[in-house]
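What follows is the content of my_file-v7.cif (mmCIF, C-alpha atoms and all ligand atoms).
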```
data_run
#
loop_
_atom_site.group_PDB
_atom_site.id
_atom_site.type_symbol
_atom_site.label_atom_id
_atom_site.label_comp_id
_atom_site.auth_asym_id
_atom_site.auth_seq_id
_atom_site.Cartn_x
_atom_site.Cartn_y
_atom_site.Cartn_z
ATOM 1 C CA MET A 1 -201.487 -19.919 -105.214
ATOM 2 C CA ALA A 2 -198.237 -18.273 -104.177
ATOM 3 C CA LYS A 3 -198.222 -16.417 -107.464
ATOM 4 C CA PHE A 4 -201.728 -15.158 -106.891
ATOM 5 C CA GLY A 5 -200.788 -14.094 -103.380
ATOM 6 C CA ALA A 6 -197.821 -12.082 -104.614
ATOM 7 C CA LEU A 7 -199.965 -10.588 -107.349
ATOM 8 C CA PHE A 8 -202.598 -9.570 -104.881
ATOM 9 C CA TRP A 9 -200.201 -7.971 -102.445
ATOM 10 C CA CYS A 10 -198.083 -6.169 -104.973
ATOM 11 C CA VAL A 11 -200.622 -5.237 -107.580
ATOM 12 C CA LEU A 12 -204.178 -5.410 -106.399
ATOM 13 C CA ALA A 13 -203.965 -4.481 -102.730
ATOM 14 C CA PRO A 14 -203.373 -0.767 -103.417
ATOM 15 C CA VAL A 15 -206.390 -0.709 -105.712
ATOM 16 C CA ALA A 16 -208.499 -2.671 -103.239
ATOM 17 C CA LEU A 17 -207.528 -0.241 -100.536
ATOM 18 C CA ALA A 18 -208.328 2.675 -102.767
ATOM 19 C CA PHE A 19 -211.861 1.311 -102.861
ATOM 20 C CA ALA A 20 -211.880 0.432 -99.213
ATOM 21 C CA SER A 21 -211.112 4.036 -98.438
ATOM 22 C CA ARG A 22 -214.093 5.186 -100.489
ATOM 23 C CA GLY A 23 -213.162 8.354 -102.230
ATOM 24 C CA GLN A 24 -210.084 9.072 -100.183
ATOM 25 C CA LEU A 25 -207.212 9.734 -102.543
ATOM 26 C CA VAL A 26 -204.659 6.973 -102.354
ATOM 27 C CA ILE A 27 -201.337 7.741 -103.984
ATOM 28 C CA LEU A 28 -200.460 5.054 -106.495
ATOM 29 C CA PRO A 29 -196.992 5.706 -107.852
ATOM 30 C CA GLY A 30 -197.679 5.625 -111.571
ATOM 31 C CA LYS A 31 -196.342 6.788 -114.867
ATOM 32 C CA GLY A 32 -197.819 10.242 -115.135
ATOM 33 C CA LYS A 33 -200.191 12.617 -113.539
ATOM 34 C CA THR A 34 -202.632 12.595 -116.408
ATOM 35 C CA VAL A 35 -202.998 8.818 -116.374
ATOM 36 C CA MET A 36 -203.329 8.874 -112.600
ATOM 37 C CA GLU A 37 -206.006 11.522 -112.668
ATOM 38 C CA ARG A 38 -207.998 9.540 -115.195
ATOM 39 C CA VAL A 39 -207.573 6.394 -113.136
ATOM 40 C CA MET A 40 -208.661 8.026 -109.897
ATOM 41 C CA GLU A 41 -211.619 9.673 -111.566
ATOM 42 C CA THR A 42 -212.767 6.401 -113.066
ATOM 43 C CA LEU A 43 -212.194 4.377 -109.901
ATOM 44 C CA LYS A 44 -214.423 6.790 -108.018
ATOM 45 C CA THR A 45 -217.353 5.904 -110.267
ATOM 46 C CA GLU A 46 -217.129 2.318 -108.934
ATOM 47 C CA ASP A 47 -218.624 1.264 -112.257
ATOM 48 C CA PRO A 48 -216.979 -1.927 -113.581
ATOM 49 C CA ALA A 49 -217.914 -1.091 -117.189
ATOM 50 C CA LYS A 50 -216.281 2.333 -117.016
ATOM 51 C CA ILE A 51 -213.204 0.910 -115.308
ATOM 52 C CA ARG A 52 -212.865 -1.779 -117.998
ATOM 53 C CA ALA A 53 -213.293 0.831 -120.737
ATOM 54 C CA LEU A 54 -210.440 2.880 -119.286
ATOM 55 C CA ALA A 55 -208.329 -0.283 -118.989
ATOM 56 C CA ARG A 56 -208.833 -0.982 -122.709
ATOM 57 C CA GLN A 57 -207.975 2.604 -123.568
ATOM 58 C CA LEU A 58 -204.825 2.621 -121.417
ATOM 59 C CA ARG A 59 -203.721 -0.669 -122.941
ATOM 60 C CA LYS A 60 -203.907 0.946 -126.372
ATOM 61 C CA GLU A 61 -201.754 3.755 -125.025
ATOM 62 C CA GLY A 62 -199.140 1.267 -123.794
ATOM 63 C CA GLU A 63 -199.987 1.604 -120.080
ATOM 64 C CA THR A 64 -200.220 -2.147 -119.647
ATOM 65 C CA VAL A 65 -199.440 -2.334 -115.919
ATOM 66 C CA MET A 66 -202.139 0.148 -115.063
ATOM 67 C CA ALA A 67 -204.508 -1.531 -117.527
ATOM 68 C CA ASP A 68 -203.948 -4.891 -115.802
ATOM 69 C CA ARG A 69 -204.597 -3.313 -112.424
ATOM 70 C CA LEU A 70 -207.756 -1.692 -113.609
ATOM 71 C CA GLU A 71 -209.096 -4.925 -115.006
ATOM 72 C CA MET A 72 -208.545 -6.594 -111.663
ATOM 73 C CA ALA A 73 -210.122 -3.630 -109.948
ATOM 74 C CA ALA A 74 -213.148 -3.948 -112.239
ATOM 75 C CA ASP A 75 -213.529 -7.618 -111.294
ATOM 76 C CA LEU A 76 -213.247 -6.713 -107.646
ATOM 77 C CA VAL A 77 -215.839 -3.963 -107.897
ATOM 78 C CA ALA A 78 -218.204 -6.249 -109.756
ATOM 79 C CA LYS A 79 -218.095 -8.594 -106.768
ATOM 80 C CA MET A 80 -218.522 -5.856 -104.223
ATOM 81 C CA LYS A 81 -221.912 -5.207 -102.733
ATOM 82 C CA LYS A 82 -222.936 -2.921 -99.971
ATOM 83 C CA ALA A 83 -223.387 -5.166 -96.981
ATOM 84 C CA PRO A 84 -225.771 -4.408 -94.149
ATOM 85 C CA THR A 85 -224.007 -3.503 -90.921
ATOM 86 C CA ASP A 86 -224.924 -6.819 -89.302
ATOM 87 C CA LYS A 87 -222.598 -8.397 -91.867
ATOM 88 C CA LEU A 88 -219.554 -6.656 -90.458
ATOM 89 C CA PRO A 89 -216.573 -8.967 -90.155
ATOM 90 C CA ALA A 90 -216.506 -10.534 -86.726
ATOM 91 C CA SER A 91 -214.233 -9.190 -84.083
ATOM 92 C CA VAL A 92 -211.011 -11.024 -83.302
ATOM 93 C CA ASP A 93 -210.452 -13.164 -80.240
ATOM 94 C CA PRO A 94 -207.753 -11.253 -78.354
ATOM 95 C CA LEU A 95 -206.345 -14.479 -76.942
ATOM 96 C CA ASP A 96 -206.101 -16.358 -80.235
ATOM 97 C CA GLU A 97 -202.509 -16.551 -81.452
ATOM 98 C CA SER A 98 -202.992 -18.858 -84.419
ATOM 99 C CA TYR A 99 -203.039 -16.083 -87.010
ATOM 100 C CA LEU A 100 -199.758 -14.613 -85.787
ATOM 101 C CA LEU A 101 -197.654 -17.462 -87.071
ATOM 102 C CA ASN A 102 -198.544 -17.614 -90.739
ATOM 103 C CA LYS A 103 -198.023 -14.751 -93.080
ATOM 104 C CA PRO A 104 -201.311 -14.269 -94.936
ATOM 105 C CA THR A 105 -201.255 -14.052 -98.710
ATOM 106 C CA THR A 106 -204.397 -11.993 -99.157
ATOM 107 C CA LEU A 107 -206.216 -9.214 -97.369
ATOM 108 C CA ASP A 108 -209.289 -10.543 -95.606
ATOM 109 C CA GLN A 109 -212.547 -8.710 -94.990
ATOM 110 C CA THR A 110 -211.383 -7.506 -91.619
ATOM 111 C CA ASP A 111 -208.211 -6.064 -93.171
ATOM 112 C CA LEU A 112 -210.326 -4.114 -95.625
ATOM 113 C CA MET A 113 -212.672 -2.955 -92.873
ATOM 114 C CA VAL A 114 -209.705 -1.769 -90.800
ATOM 115 C CA ALA A 115 -208.154 -0.059 -93.830
ATOM 116 C CA ALA A 116 -211.419 1.696 -94.591
ATOM 117 C CA TRP A 117 -211.685 2.850 -90.992
ATOM 118 C CA LEU A 118 -208.078 4.043 -90.827
ATOM 119 C CA ARG A 119 -208.440 5.963 -94.080
ATOM 120 C CA ALA A 120 -211.957 7.259 -93.425
ATOM 121 C CA GLU A 121 -212.424 10.891 -94.257
ATOM 122 C CA GLY A 122 -211.787 13.345 -91.476
ATOM 123 C CA LYS A 123 -209.609 11.005 -89.438
ATOM 124 C CA GLY A 124 -206.447 12.792 -90.492
ATOM 125 C CA ALA A 125 -204.469 9.787 -91.642
ATOM 126 C CA PRO A 126 -201.256 10.817 -93.394
ATOM 127 C CA PRO A 127 -201.042 9.940 -97.086
ATOM 128 C CA PHE A 128 -199.414 6.682 -98.086
ATOM 129 C CA ILE A 129 -195.885 6.861 -99.415
ATOM 130 C CA THR A 130 -194.172 4.524 -101.873
ATOM 131 C CA ALA A 131 -192.860 2.299 -99.068
ATOM 132 C CA ASP A 132 -196.433 1.627 -97.899
ATOM 133 C CA LEU A 133 -197.686 0.577 -101.303
ATOM 134 C CA TYR A 134 -194.575 -0.824 -102.993
ATOM 135 C CA PRO A 135 -192.629 -2.378 -100.113
ATOM 136 C CA GLU A 136 -190.353 -4.326 -102.446
ATOM 137 C CA GLN A 137 -188.754 -1.097 -103.642
ATOM 138 C CA VAL A 138 -187.154 -0.261 -100.287
ATOM 139 C CA THR A 139 -184.592 -2.337 -98.371
ATOM 140 C CA GLU A 140 -183.942 0.016 -95.451
ATOM 141 C CA ARG A 141 -186.182 2.667 -93.919
ATOM 142 C CA GLY A 142 -187.779 4.052 -90.793
ATOM 143 C CA LEU A 143 -191.475 3.660 -90.071
ATOM 144 C CA THR A 144 -193.715 5.400 -92.593
ATOM 145 C CA PRO A 145 -196.039 8.222 -91.459
ATOM 146 C CA HIS A 146 -198.963 5.804 -91.908
ATOM 147 C CA GLU A 147 -197.367 3.141 -89.678
ATOM 148 C CA MET A 148 -196.493 5.705 -87.003
ATOM 149 C CA TRP A 149 -199.994 7.113 -87.128
ATOM 150 C CA VAL A 150 -201.644 3.700 -86.704
ATOM 151 C CA LEU A 151 -199.325 2.554 -83.923
ATOM 152 C CA SER A 152 -198.933 5.817 -82.000
ATOM 153 C CA PRO A 153 -201.831 5.095 -79.580
ATOM 154 C CA TYR A 154 -199.994 1.951 -78.491
ATOM 155 C CA PHE A 155 -196.465 3.384 -78.294
ATOM 156 C CA PRO A 156 -196.567 6.581 -76.251
ATOM 157 C CA VAL A 157 -192.790 7.080 -76.270
ATOM 158 C CA ASP A 158 -192.054 8.840 -79.574
ATOM 159 C CA SER A 159 -188.589 7.383 -80.049
ATOM 160 C CA ASP A 160 -189.997 3.839 -80.056
ATOM 161 C CA LEU A 161 -191.594 4.752 -83.381
ATOM 162 C CA THR A 162 -189.079 7.196 -84.812
ATOM 163 C CA ALA A 163 -185.732 5.586 -83.923
ATOM 164 C CA PRO A 164 -185.837 1.969 -85.170
ATOM 165 C CA VAL A 165 -184.356 1.203 -88.574
ATOM 166 C CA LEU A 166 -186.180 -1.471 -90.569
ATOM 167 C CA HIS A 167 -184.260 -3.758 -92.928
ATOM 168 C CA PHE A 168 -185.841 -6.037 -95.506
ATOM 169 C CA GLY A 169 -184.218 -9.190 -96.830
ATOM 170 C CA LEU A 170 -180.821 -10.501 -95.778
ATOM 171 C CA PRO A 171 -177.642 -8.452 -95.616
ATOM 172 C CA PRO A 172 -175.383 -8.818 -98.682
ATOM 173 C CA GLY A 173 -173.426 -12.087 -98.569
ATOM 174 C CA ALA A 174 -175.640 -13.756 -95.962
ATOM 175 C CA PRO A 175 -176.529 -17.369 -96.809
ATOM 176 C CA PRO A 176 -180.207 -18.027 -97.591
ATOM 177 C CA GLU A 177 -180.363 -20.362 -94.547
ATOM 178 C CA ALA A 178 -180.138 -17.193 -92.472
ATOM 179 C CA ALA A 179 -183.823 -16.652 -93.306
ATOM 180 C CA PRO A 180 -185.486 -19.920 -92.257
ATOM 181 C CA GLU A 181 -189.187 -20.332 -92.867
ATOM 182 C CA GLY A 182 -191.111 -18.984 -89.906
ATOM 183 C CA LEU A 183 -188.470 -16.460 -88.835
ATOM 184 C CA HIS A 184 -190.423 -13.358 -89.674
ATOM 185 C CA ALA A 185 -188.319 -10.744 -87.938
ATOM 186 C CA PHE A 186 -185.758 -10.029 -85.240
ATOM 187 C CA THR A 187 -184.642 -6.916 -83.390
ATOM 188 C CA TYR A 188 -181.108 -6.050 -82.317
ATOM 189 C CA LEU A 189 -179.162 -3.078 -81.021
ATOM 190 C CA GLU A 190 -176.365 -1.422 -82.945
ATOM 191 C CA TRP A 191 -174.600 1.494 -81.280
ATOM 192 C CA GLY A 192 -177.563 1.848 -78.975
ATOM 193 C CA ARG A 193 -180.080 2.071 -81.794
ATOM 194 C CA ALA A 194 -182.720 -0.571 -82.478
ATOM 195 C CA HIS A 195 -182.633 -2.281 -85.855
ATOM 196 C CA ILE A 196 -185.371 -4.644 -87.014
ATOM 197 C CA ARG A 197 -184.674 -7.089 -89.801
ATOM 198 C CA PHE A 198 -187.350 -8.909 -91.790
ATOM 199 C CA PRO A 199 -185.153 -11.549 -93.435
ATOM 200 C CA GLY A 200 -187.885 -12.933 -95.668
ATOM 201 C CA GLY A 201 -188.160 -9.554 -97.364
ATOM 202 C CA PRO A 202 -191.061 -7.187 -97.391
ATOM 203 C CA VAL A 203 -194.717 -8.090 -97.064
ATOM 204 C CA SER A 204 -197.640 -5.805 -97.763
ATOM 205 C CA MET A 205 -197.388 -3.006 -95.264
ATOM 206 C CA LEU A 206 -201.129 -2.398 -95.324
ATOM 207 C CA GLY A 207 -202.624 -5.484 -93.681
ATOM 208 C CA ARG A 208 -203.073 -5.930 -89.955
ATOM 209 C CA TRP A 209 -200.657 -8.829 -89.920
ATOM 210 C CA TRP A 210 -197.802 -6.538 -90.925
ATOM 211 C CA LEU A 211 -198.734 -3.774 -88.493
ATOM 212 C CA CYS A 212 -198.907 -6.248 -85.621
ATOM 213 C CA MET A 213 -195.664 -7.992 -86.560
ATOM 214 C CA LEU A 214 -194.080 -4.555 -86.597
ATOM 215 C CA ALA A 215 -195.621 -3.826 -83.184
ATOM 216 C CA HIS A 216 -194.147 -7.090 -81.841
ATOM 217 C CA GLU A 217 -190.657 -6.012 -82.896
ATOM 218 C CA LEU A 218 -191.169 -2.445 -81.684
ATOM 219 C CA THR A 219 -191.983 -3.934 -78.287
ATOM 220 C CA HIS A 220 -188.533 -5.539 -78.321
ATOM 221 C CA ALA A 221 -187.051 -2.148 -79.271
ATOM 222 C CA ALA A 222 -188.881 -0.628 -76.285
ATOM 223 C CA GLN A 223 -187.572 -3.443 -74.063
ATOM 224 C CA PHE A 224 -184.048 -2.509 -75.150
ATOM 225 C CA ARG A 225 -184.809 1.152 -74.421
ATOM 226 C CA VAL A 226 -185.654 0.361 -70.817
ATOM 227 C CA GLY A 227 -182.441 -1.563 -70.341
ATOM 228 C CA MET A 228 -182.840 -5.104 -71.652
ATOM 229 C CA THR A 229 -179.461 -6.445 -72.747
ATOM 230 C CA ALA A 230 -178.558 -8.921 -75.459
ATOM 231 C CA GLN A 231 -177.275 -11.229 -72.729
ATOM 232 C CA GLU A 232 -180.672 -11.097 -71.032
ATOM 233 C CA THR A 233 -182.435 -12.128 -74.243
ATOM 234 C CA THR A 234 -180.237 -15.201 -74.699
ATOM 235 C CA ASP A 235 -180.388 -16.137 -71.000
ATOM 236 C CA THR A 236 -184.169 -15.851 -71.005
ATOM 237 C CA LEU A 237 -184.469 -17.977 -74.134
ATOM 238 C CA ALA A 238 -182.202 -20.641 -72.623
ATOM 239 C CA ARG A 239 -184.179 -20.710 -69.409
ATOM 240 C CA TYR A 240 -187.786 -20.540 -70.659
ATOM 241 C CA GLY A 241 -187.647 -21.405 -74.348
ATOM 242 C CA TYR A 242 -188.911 -19.116 -77.081
ATOM 243 C CA ASN A 243 -192.650 -19.328 -76.486
ATOM 244 C CA ASN A 244 -192.523 -18.840 -72.739
ATOM 245 C CA SER A 245 -189.743 -16.295 -72.590
ATOM 246 C CA PRO A 246 -191.208 -13.282 -70.732
ATOM 247 C CA ILE A 247 -189.655 -11.073 -73.399
ATOM 248 C CA GLU A 248 -191.646 -12.853 -76.114
ATOM 249 C CA VAL A 249 -194.794 -13.142 -74.033
ATOM 250 C CA GLN A 250 -194.856 -9.361 -73.679
ATOM 251 C CA ALA A 251 -194.177 -8.785 -77.393
ATOM 252 C CA ARG A 252 -196.918 -11.239 -78.390
ATOM 253 C CA PHE A 253 -199.281 -9.586 -75.923
ATOM 254 C CA TYR A 254 -198.956 -6.264 -77.780
ATOM 255 C CA GLN A 255 -199.094 -8.015 -81.123
ATOM 256 C CA ARG A 256 -202.393 -9.731 -80.229
ATOM 257 C CA LEU A 257 -203.783 -6.673 -78.488
ATOM 258 C CA ILE A 258 -203.299 -4.473 -81.543
ATOM 259 C CA TYR A 259 -204.520 -7.159 -83.951
ATOM 260 C CA ALA A 260 -207.782 -7.498 -82.047
ATOM 261 C CA ASP A 261 -208.044 -3.832 -81.135
ATOM 262 C CA LEU A 262 -207.812 -2.543 -84.715
ATOM 263 C CA ALA A 263 -210.648 -4.888 -85.717
ATOM 264 C CA ARG A 264 -212.736 -3.921 -82.696
ATOM 265 C CA ARG A 265 -212.292 -0.181 -83.179
ATOM 266 C CA ALA A 266 -213.037 -0.387 -86.908
ATOM 267 C CA ARG A 267 -216.125 -2.487 -86.249
ATOM 268 C CA GLU A 268 -217.450 -0.088 -83.644
ATOM 269 C CA TYR A 269 -216.827 2.850 -85.958
ATOM 270 C CA PHE A 270 -218.917 1.356 -88.760
ATOM 271 C CA LEU A 271 -221.632 0.128 -86.403
ATOM 272 C CA ARG A 272 -222.008 3.711 -85.169
ATOM 273 C CA ARG A 273 -221.432 5.554 -88.388
ATOM 274 C CA GLY A 274 -222.400 3.210 -91.195
ATOM 275 C CA PRO A 275 -222.752 2.582 -94.022
ATOM 276 C CA LEU A 276 -220.348 -0.270 -94.226
ATOM 277 C CA PRO A 277 -217.718 0.202 -96.920
ATOM 278 C CA VAL A 278 -217.631 -2.240 -99.789
ATOM 279 C CA PHE A 279 -215.859 -5.532 -99.287
ATOM 280 C CA PRO A 280 -215.124 -8.163 -101.902
HETATM 281 ZN ZN ZN A 301 -190.174 -11.606 -80.479
#
```

Reformat the file's structure so that it appears as C-alpha cells.
Amino acid sequence: MAKFGALFWCVLAPVALAFASRGQLVILPGKGKTVMERVMETLKTEDPAKIRALARQLRKEGETVMADRLEMAADLVAKMKKAPTDKLPASVDPLDESYLLNKPTTLDQTDLMVAAWLRAEGKGAPPFITADLYPEQVTERGLTPHEMWVLSPYFPVDSDLTAPVLHFGLPPGAPPEAAPEGLHAFTYLEWGRAHIRFPGGPVSMLGRWWLCMLAHELTHAAQFRVGMTAQETTDTLARYGYNNSPIEVQARFYQRLIYADLARRAREYFLRRGPLPVFP
C-alpha cells in the first residue's frame, strides 16, 4: 500500500493532473522535447488505445519510465467517465479537522476537481516547475509560483509568501528520531527570517493536503512577522497544550478554511461552468 502511494504521488499524479487540467500543458520534466511532444499530443486524445500504443513504442526506444507512466495513464483514462455535474465531489465541512492529521497517500476526487479548477484555461495559473511535480529532487526552496498563486488570496502580505525558506527532510547529522511520526512540519526564525522544515521529507505538492499544511506553517511565519517570539510559543504550549494553544488554533483555522474553501470554490466553478472534468 505504501509502495502504491509513493508510486502514485511520484509517478502518476503529474499525469493524472495533466488530465485533470484538460488540455492545459503541464510540464513533465522528461528526457527530450520530441518524446514530450509526442506524449502530450497522445495524452490529449484521451484514447487509452493510442496511449498504450505510444507506451509500447517508447518502451522499444528505451524510454521505460515514460512508457510505465503512459501505461498507468491509459488505465486511468479507461476508468474515467464524464460525470454529470450532480456527481461533483461533496464540499468539505469547514469544521472537520480529521483529515488534517493524516498525510494522504493518493489524490482524491476533490483534489482532482480542485486541480482542474486551478489549472482551468484562462485562469492565469503559472506553469508548474520541477519542484511542484518532483518534490523529492529539492531539499531547500522558496514557495513555487503555483503555491504562491494558490495561496495569495489568503495571504495578503507579500512577504509571507516570498520570504519563508522551506526545508525538506532532516538537516545533515540529525538523528531519525528528530522526525517522529505525526510531526509534519515546524516553523522557526533564523536571523529574522522564517524557515519551515518538513522533517518527513517532501510530499506531493499538488494535493490540497500539502497546500493547507503549507498554509498552516505560513500562518506561523505571519505570527512571527507581527511580533510573536520563540519564548511566547513555548510559554503558550506549556500553558494550553498543543491543541488548544491560541497560536495553533489560529494556524489550524487557516488550514481548515483553505482546505474547505478550495473545494467550495472549485465546486461552484464547475456547477456554473460545467462540464465536469474527468475523474478516476
Ligand atoms: Zn502549528

Write as a list in words the residues around ligand ZN 301 (chain A), taking 10 Å as the cut-off and counting all atoms listed in the file.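 Sorted by chain and then by number, the residues are Leu183, His184, Ala185, Phe186, Thr187, Met213, Ala215, His216, Glu217, Leu218, Thr219, His220, Thr233, Tyr242, Asn243, Ser245, Pro246, Ile247, Glu248, Val249, Gln250, Ala251, Arg252 and Gln255 of chain A.
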
List the spatial neighbours of A:Leu58 as JSON, numbers by chain - criterion: any atom at most 9 Å away, only C-alpha atoms, same-chain residues fewer than 6 positions off excluded. {"A": [35, 64, 66, 67]}

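Nearest-residue note for A:Asp261: choosing from A:Ser98, A:Thr110, A:Thr162, A:Thr105, the minimum distance belongs to A:Thr110, counting all atoms listed in the file.
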
Point-to-point distance in Å for atom CA of A:Glu136 and atom CA of A:Met148: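 Atom-to-atom, atom CA of A:Met148 to atom CA of A:Glu136, that is 19.4 Å.
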
Which residues match the PyMOL selection byres (((chain A and resi 159) around 12) and not hetatm) in the file above, as number ranges by chain? A: 142-143, 148, 152, 155-158, 160-165, 193-194, 218-219, 221-222, 224-226

Evaluated on this file, the PyMOL selection byres (((chain A and resi 198-206) around 7) and not hetatm) picks out some residues - which ones are they, written as an MDAnalysis selection string? chainID A and resid 9 132 135:136 167:170 179 184:186 196:197 207:208 210:211

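We find atom CA of A:Ala78 and atom CA of A:Pro48 to be spaced 5.9 Å apart.
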
Model the absent atoms of stretch 219-247 of chain A so that N, CA and C atoms are present, and write the result as a PDB file, keeping the file's coordinate frame.
```
ATOM      1  N   THR A 219    -191.970  -3.637 -79.729  1.00  0.00           N
ATOM      2  CA  THR A 219    -191.983  -3.934 -78.287  1.00  0.00           C
ATOM      3  C   THR A 219    -190.589  -4.353 -77.836  1.00  0.00           C
ATOM      4  N   HIS A 220    -189.911  -5.166 -78.668  1.00  0.00           N
ATOM      5  CA  HIS A 220    -188.533  -5.539 -78.321  1.00  0.00           C
ATOM      6  C   HIS A 220    -187.637  -4.296 -78.290  1.00  0.00           C
ATOM      7  N   ALA A 221    -187.854  -3.386 -79.256  1.00  0.00           N
ATOM      8  CA  ALA A 221    -187.051  -2.148 -79.271  1.00  0.00           C
ATOM      9  C   ALA A 221    -187.294  -1.373 -77.969  1.00  0.00           C
ATOM     10  N   ALA A 222    -188.555  -1.335 -77.533  1.00  0.00           N
ATOM     11  CA  ALA A 222    -188.881  -0.628 -76.285  1.00  0.00           C
ATOM     12  C   ALA A 222    -188.253  -1.342 -75.084  1.00  0.00           C
ATOM     13  N   GLN A 223    -188.217  -2.686 -75.145  1.00  0.00           N
ATOM     14  CA  GLN A 223    -187.572  -3.443 -74.063  1.00  0.00           C
ATOM     15  C   GLN A 223    -186.087  -3.081 -73.981  1.00  0.00           C
ATOM     16  N   PHE A 224    -185.461  -2.938 -75.138  1.00  0.00           N
ATOM     17  CA  PHE A 224    -184.048  -2.509 -75.150  1.00  0.00           C
ATOM     18  C   PHE A 224    -183.927  -1.102 -74.563  1.00  0.00           C
ATOM     19  N   ARG A 225    -184.867  -0.236 -74.905  1.00  0.00           N
ATOM     20  CA  ARG A 225    -184.809   1.152 -74.421  1.00  0.00           C
ATOM     21  C   ARG A 225    -184.817   1.201 -72.898  1.00  0.00           C
ATOM     22  N   VAL A 226    -185.603   0.312 -72.276  1.00  0.00           N
ATOM     23  CA  VAL A 226    -185.654   0.361 -70.817  1.00  0.00           C
ATOM     24  C   VAL A 226    -184.599  -0.548 -70.182  1.00  0.00           C
ATOM     25  N   GLY A 227    -183.607  -0.954 -70.959  1.00  0.00           N
ATOM     26  CA  GLY A 227    -182.441  -1.563 -70.341  1.00  0.00           C
ATOM     27  C   GLY A 227    -182.228  -3.036 -70.582  1.00  0.00           C
ATOM     28  N   MET A 228    -183.081  -3.692 -71.372  1.00  0.00           N
ATOM     29  CA  MET A 228    -182.840  -5.104 -71.652  1.00  0.00           C
ATOM     30  C   MET A 228    -181.507  -5.235 -72.409  1.00  0.00           C
ATOM     31  N   THR A 229    -180.751  -6.243 -72.067  1.00  0.00           N
ATOM     32  CA  THR A 229    -179.461  -6.445 -72.747  1.00  0.00           C
ATOM     33  C   THR A 229    -179.540  -7.680 -73.641  1.00  0.00           C
ATOM     34  N   ALA A 230    -178.602  -7.759 -74.564  1.00  0.00           N
ATOM     35  CA  ALA A 230    -178.558  -8.921 -75.459  1.00  0.00           C
ATOM     36  C   ALA A 230    -178.347 -10.193 -74.641  1.00  0.00           C
ATOM     37  N   GLN A 231    -177.534 -10.077 -73.597  1.00  0.00           N
ATOM     38  CA  GLN A 231    -177.275 -11.229 -72.729  1.00  0.00           C
ATOM     39  C   GLN A 231    -178.582 -11.715 -72.095  1.00  0.00           C
ATOM     40  N   GLU A 232    -179.391 -10.753 -71.662  1.00  0.00           N
ATOM     41  CA  GLU A 232    -180.672 -11.097 -71.032  1.00  0.00           C
ATOM     42  C   GLU A 232    -181.568 -11.853 -72.020  1.00  0.00           C
ATOM     43  N   THR A 233    -181.562 -11.445 -73.269  1.00  0.00           N
ATOM     44  CA  THR A 233    -182.435 -12.128 -74.243  1.00  0.00           C
ATOM     45  C   THR A 233    -181.993 -13.584 -74.420  1.00  0.00           C
ATOM     46  N   THR A 234    -180.677 -13.807 -74.509  1.00  0.00           N
ATOM     47  CA  THR A 234    -180.237 -15.201 -74.699  1.00  0.00           C
ATOM     48  C   THR A 234    -180.448 -16.020 -73.427  1.00  0.00           C
ATOM     49  N   ASP A 235    -180.180 -15.412 -72.264  1.00  0.00           N
ATOM     50  CA  ASP A 235    -180.388 -16.137 -71.000  1.00  0.00           C
ATOM     51  C   ASP A 235    -181.856 -16.531 -70.837  1.00  0.00           C
ATOM     52  N   THR A 236    -182.739 -15.599 -71.179  1.00  0.00           N
ATOM     53  CA  THR A 236    -184.169 -15.851 -71.005  1.00  0.00           C
ATOM     54  C   THR A 236    -184.637 -16.968 -71.934  1.00  0.00           C
ATOM     55  N   LEU A 237    -184.121 -16.920 -73.170  1.00  0.00           N
ATOM     56  CA  LEU A 237    -184.469 -17.977 -74.134  1.00  0.00           C
ATOM     57  C   LEU A 237    -183.997 -19.330 -73.628  1.00  0.00           C
ATOM     58  N   ALA A 238    -182.759 -19.369 -73.100  1.00  0.00           N
ATOM     59  CA  ALA A 238    -182.202 -20.641 -72.623  1.00  0.00           C
ATOM     60  C   ALA A 238    -183.022 -21.168 -71.449  1.00  0.00           C
ATOM     61  N   ARG A 239    -183.483 -20.283 -70.619  1.00  0.00           N
ATOM     62  CA  ARG A 239    -184.179 -20.710 -69.409  1.00  0.00           C
ATOM     63  C   ARG A 239    -185.634 -21.103 -69.667  1.00  0.00           C
ATOM     64  N   TYR A 240    -186.345 -20.313 -70.503  1.00  0.00           N
ATOM     65  CA  TYR A 240    -187.786 -20.540 -70.659  1.00  0.00           C
ATOM     66  C   TYR A 240    -188.187 -21.088 -72.028  1.00  0.00           C
ATOM     67  N   GLY A 241    -187.266 -21.050 -72.985  1.00  0.00           N
ATOM     68  CA  GLY A 241    -187.647 -21.405 -74.348  1.00  0.00           C
ATOM     69  C   GLY A 241    -188.298 -20.205 -75.015  1.00  0.00           C
ATOM     70  N   TYR A 242    -188.424 -20.285 -76.335  1.00  0.00           N
ATOM     71  CA  TYR A 242    -188.911 -19.116 -77.081  1.00  0.00           C
ATOM     72  C   TYR A 242    -190.338 -18.710 -76.681  1.00  0.00           C
ATOM     73  N   ASN A 243    -191.243 -19.689 -76.699  1.00  0.00           N
ATOM     74  CA  ASN A 243    -192.650 -19.328 -76.486  1.00  0.00           C
ATOM     75  C   ASN A 243    -192.929 -18.758 -75.111  1.00  0.00           C
ATOM     76  N   ASN A 244    -192.231 -19.273 -74.104  1.00  0.00           N
ATOM     77  CA  ASN A 244    -192.523 -18.840 -72.739  1.00  0.00           C
ATOM     78  C   ASN A 244    -191.571 -17.783 -72.211  1.00  0.00           C
ATOM     79  N   SER A 245    -190.641 -17.364 -73.025  1.00  0.00           N
ATOM     80  CA  SER A 245    -189.743 -16.295 -72.590  1.00  0.00           C
ATOM     81  C   SER A 245    -190.575 -15.051 -72.277  1.00  0.00           C
ATOM     82  N   PRO A 246    -190.409 -14.463 -71.081  1.00  0.00           N
ATOM     83  CA  PRO A 246    -191.208 -13.282 -70.732  1.00  0.00           C
ATOM     84  C   PRO A 246    -191.055 -12.153 -71.747  1.00  0.00           C
ATOM     85  N   ILE A 247    -189.895 -12.113 -72.385  1.00  0.00           N
ATOM     86  CA  ILE A 247    -189.655 -11.073 -73.399  1.00  0.00           C
ATOM     87  C   ILE A 247    -190.605 -11.280 -74.585  1.00  0.00           C
TER      88      ILE A 247
END
```
